[in-house]
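Shown next: target.tsv, containing TSV, C-alpha atoms.
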chain	number	residue	atom	x	y	z
L	1	MET	CA	10.03	10.81	26.06
L	2	ASN	CA	6.96	12.24	27.63
L	3	LYS	CA	4.03	13.85	25.88
L	4	GLU	CA	4.68	17.43	27.14
L	5	GLU	CA	8.22	17.42	25.77
L	6	MET	CA	7.05	16.15	22.39
L	7	ILE	CA	4.39	18.88	22.24
L	8	LYS	CA	7.05	21.53	23.01
L	9	ILE	CA	9.47	20.14	20.41
L	10	LEU	CA	6.76	19.99	17.75
L	11	GLY	CA	5.57	23.51	18.64
L	12	LEU	CA	1.99	22.46	19.31
L	13	GLN	CA	-0.51	23.83	21.82
L	14	PRO	CA	-0.20	22.31	25.33
L	15	ASP	CA	-3.60	20.68	24.98
L	16	ALA	CA	-2.76	18.89	21.65
L	17	THR	CA	-4.26	15.46	21.07
L	18	ASP	CA	-2.41	12.32	20.14
L	19	ASP	CA	-3.71	12.62	16.56
L	20	GLU	CA	-2.36	16.18	16.29
L	21	ILE	CA	1.00	15.00	17.60
L	22	MET	CA	1.13	12.15	15.05
L	23	THR	CA	0.10	14.50	12.23
L	24	ALA	CA	2.88	16.92	13.21
L	25	ILE	CA	5.41	14.07	13.37
L	26	LYS	CA	4.34	12.78	9.92
L	27	ALA	CA	4.50	16.30	8.49
L	28	GLY	CA	8.00	16.70	9.92
L	29	ALA	CA	9.09	13.36	8.46
L	30	GLN	CA	7.64	14.32	5.08
L	31	ALA	CA	9.43	17.69	5.23
L	32	LEU	CA	12.70	15.87	5.95
L	33	GLU	CA	12.14	13.64	2.92
L	34	GLU	CA	11.43	16.68	0.73
L	35	ILE	CA	14.58	18.40	2.02
L	36	ALA	CA	16.62	15.27	1.25
L	37	THR	CA	15.13	15.15	-2.26
L	38	GLU	CA	15.85	18.83	-2.85
L	39	ARG	CA	19.39	18.38	-1.53
L	40	THR	CA	19.92	15.50	-3.97
L	41	LYS	CA	18.60	17.65	-6.82
L	42	ALA	CA	20.86	20.53	-5.78
L	43	GLU	CA	23.90	18.24	-5.66
L	44	ALA	CA	23.06	16.89	-9.12
L	45	ALA	CA	22.67	20.45	-10.43
L	46	GLU	CA	26.06	21.41	-8.94
L	47	ALA	CA	27.63	18.38	-10.61
L	48	ASP	CA	26.04	19.38	-13.94
L	49	LYS	CA	27.27	22.93	-13.47
L	50	ALA	CA	30.82	21.73	-12.77
L	51	ALA	CA	30.73	19.54	-15.88
L	52	ALA	CA	29.44	22.44	-17.98
L	53	VAL	CA	32.15	24.76	-16.64
L	54	ASN	CA	34.81	22.15	-17.46
L	55	GLU	CA	33.39	21.71	-20.96
L	56	CYS	CA	33.30	25.49	-21.43
L	57	GLU	CA	36.95	25.80	-20.41
L	58	LYS	CA	37.88	22.97	-22.77
L	59	VAL	CA	36.05	24.64	-25.67
L	60	LYS	CA	37.66	28.01	-24.85
L	61	THR	CA	41.09	26.37	-24.94
L	62	GLU	CA	40.32	24.69	-28.26
L	63	LEU	CA	39.07	27.99	-29.70
L	64	ALA	CA	42.20	29.81	-28.55
L	65	ASN	CA	44.34	27.10	-30.20
L	66	GLU	CA	42.36	27.41	-33.44
L	67	LYS	CA	42.71	31.19	-33.43
L	68	ALA	CA	46.47	30.89	-32.84
L	69	ALA	CA	46.76	28.40	-35.70
L	70	HIS	CA	44.74	30.69	-37.98
L	71	ARG	CA	46.96	33.66	-37.10
L	72	GLY	CA	50.02	31.51	-37.75
L	73	ILE	CA	48.79	30.53	-41.20
L	74	LEU	CA	48.01	34.14	-42.11
L	75	LEU	CA	51.46	35.25	-40.95
L	76	ASP	CA	53.24	32.37	-42.71
L	77	ASN	CA	51.46	33.25	-45.96
L	78	ALA	CA	52.28	36.95	-45.56
L	79	ILE	CA	55.95	36.12	-45.03
L	80	ALA	CA	55.94	33.74	-48.00
L	81	ASP	CA	54.31	36.42	-50.17
L	82	GLY	CA	56.88	38.97	-49.02
L	83	ARG	CA	54.29	41.28	-47.46
L	84	ILE	CA	55.96	41.19	-44.05
L	85	SER	CA	59.40	40.25	-42.80
L	86	VAL	CA	60.23	37.48	-40.39
L	87	ALA	CA	61.38	40.15	-37.93
L	88	GLY	CA	57.99	41.86	-38.14
L	89	ARG	CA	56.07	38.67	-37.38
L	90	ALA	CA	55.86	39.28	-33.61
L	91	ALA	CA	54.34	42.74	-34.09
L	92	TRP	CA	51.79	41.39	-36.54
L	93	GLU	CA	51.02	38.49	-34.18
L	94	LYS	CA	50.21	40.98	-31.42
L	95	ARG	CA	48.12	43.08	-33.78
L	96	LEU	CA	46.11	40.05	-34.89
L	97	SER	CA	45.70	38.92	-31.27
L	98	ASP	CA	44.39	42.31	-30.17
L	99	ASP	CA	41.89	42.87	-33.01
L	100	PHE	CA	41.77	40.03	-35.50
L	101	LYS	CA	39.40	41.57	-38.03
L	102	ALA	CA	41.21	44.89	-38.35
L	103	GLY	CA	44.63	43.21	-38.25
L	104	ALA	CA	43.68	40.68	-40.94
L	105	ILE	CA	42.44	43.46	-43.22
L	106	ALA	CA	45.60	45.48	-42.65
L	107	LEU	CA	47.75	42.40	-43.28
L	108	ALA	CA	45.89	41.65	-46.51
L	109	ASN	CA	46.43	45.24	-47.68
L	110	GLU	CA	50.14	45.20	-46.82
L	111	ARG	CA	52.30	45.76	-49.90
L	112	SER	CA	55.20	43.54	-50.82
L	113	LEU	CA	58.50	44.46	-49.24
L	114	LYS	CA	61.41	45.47	-51.43
L	115	ARG	CA	63.63	42.47	-51.84
L	116	VAL	CA	67.37	42.75	-51.37
L	117	SER	CA	69.67	40.26	-52.97
L	118	ALA	CA	71.30	38.05	-50.37
L	119	VAL	CA	74.42	37.70	-52.52
L	120	ASP	CA	75.60	41.24	-53.10
L	121	GLY	CA	73.35	43.40	-50.93
L	122	LYS	CA	71.87	45.21	-53.93
L	123	THR	CA	68.32	45.19	-55.11
L	124	PRO	CA	67.78	42.85	-58.02
L	125	ALA	CA	68.09	44.49	-61.41
L	126	LYS	CA	64.76	45.38	-62.93
L	127	THR	CA	63.92	43.87	-66.21
L	128	ASP	CA	62.69	46.15	-68.96
L	129	ALA	CA	59.65	47.08	-66.92
L	130	VAL	CA	57.38	49.75	-68.26
L	131	ASN	CA	56.53	52.51	-65.82
L	132	LEU	CA	52.95	53.36	-66.74
L	133	VAL	CA	52.78	56.34	-64.40
L	134	ALA	CA	55.89	57.92	-65.91
L	135	LEU	CA	54.57	57.33	-69.43
L	136	ALA	CA	51.20	58.86	-68.52
L	137	ASN	CA	52.95	61.91	-67.05
L	138	GLU	CA	55.01	62.29	-70.24
L	139	ARG	CA	51.87	62.05	-72.36
L	140	MET	CA	50.19	64.77	-70.22
L	141	ALA	CA	53.28	67.00	-70.62
L	142	LYS	CA	53.09	66.66	-74.41
L	143	ASN	CA	49.32	67.29	-74.45
L	144	PRO	CA	48.57	70.10	-71.96
L	145	GLY	CA	44.77	69.68	-71.94
L	146	MET	CA	44.82	65.90	-71.34
L	147	THR	CA	43.72	64.53	-67.96
L	148	TYR	CA	45.74	61.98	-66.08
L	149	THR	CA	43.00	59.37	-66.39
L	150	THR	CA	42.89	59.71	-70.17
L	151	ALA	CA	46.69	59.63	-70.46
L	152	PHE	CA	46.93	56.57	-68.24
L	153	ALA	CA	44.20	54.75	-70.20
L	154	LEU	CA	46.02	55.44	-73.48
L	155	VAL	CA	49.32	54.19	-72.05
L	156	MET	CA	47.59	51.06	-70.79
L	157	LYS	CA	46.25	50.39	-74.32
L	158	GLU	CA	49.75	50.84	-75.77
L	159	HIS	CA	51.27	48.41	-73.24
L	160	PRO	CA	48.79	45.56	-72.68
L	161	GLU	CA	51.60	43.30	-71.42
L	162	VAL	CA	51.78	45.33	-68.19
L	163	LYS	CA	49.14	44.42	-65.67

Is it possible to give me this structure as structure tokens?
Amino acid sequence: MNKEEMIKILGLQPDATDDEIMTAIKAGAQALEEIATERTKAEAAEADKAAAVNECEKVKTELANEKAAHRGILLDNAIADGRISVAGRAAWEKRLSDDFKAGAIALANERSLKRVSAVDGKTPAKTDAVNLVALANERMAKNPGMTYTTAFALVMKEHPEVK
């Protein structure tokens, strides 16, 4: 290679000295080393990023599995308590999936279903249950000035066995 070509390639002035040419060559070599170092760092960062993305996906999958298990336990308990039917499980599953907090509160506030006897298709006979509301209404009818709250409190005192 001749000197004029090297000066053109290095982008130096046509009257550059040998020292200037060597300095430019050394600077170019150093720049190549820095680029190689930065490339290595970038590749390591990409590898770290890929590992972090994989870990994130793994954790998301584990969280989704935990949420599904939690929903399943809530629904199993609600069915066991008689608050929802087996047929209604899918609807409650969707509701809990869409908005867990609101669905869980609604599920907790769900009242027990009326049970039907599997043998004869009739509701089970009630034992001698005391209807406190009916007794309070009777007491109010007998005492026209009495409030419902007072009547109900008196009926509750008369029947402490009813909770």

- Query: Which residues come within 12 Å of Ile9 in chain L, counting only C-alpha atoms, excluding same-chain residues fewer than 4 positions away, as a list in words?
  - Reply: Met1, Asn2, Lys3, Glu4, Glu5, Gln13, Pro14, Ile21, Ala24, Ile25 and Gly28 of chain L

- Neighbour list for Leu74 in chain L as a ChimeraX atom specification, cut-off 12 Å, all atoms listed in the file, skip fewer than 4 positions in-chain: /L:67-70,78-81,83-84,89,92-93,96,100,103-108

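Our summary of the geometry notes that CA of Ala51 in chain L is positioned 19.9 Å from CA of Ala64 in chain L.
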
- Have a look at CA of Ala153 in chain L and CA of Asn137 in chain L and let me know their distance in Å, one decimal. 11.7 Å

Taking all atoms of range 141-157 of chain L that appear in the file, build a box with edges along x, y and z, extend it by 6 Å on every side, and state its centre and edge lengths in Å to one decimal, as lines of an AutoDock Vina configuration file.
center_x = 48.1
center_y = 60.2
center_z = -70.3
size_x = 22.4
size_y = 31.7
size_z = 20.4

- Record the distance separating CA of Leu113 in chain L and CA of Ser97 in chain L, expressed in Å with one decimal. 22.7 Å
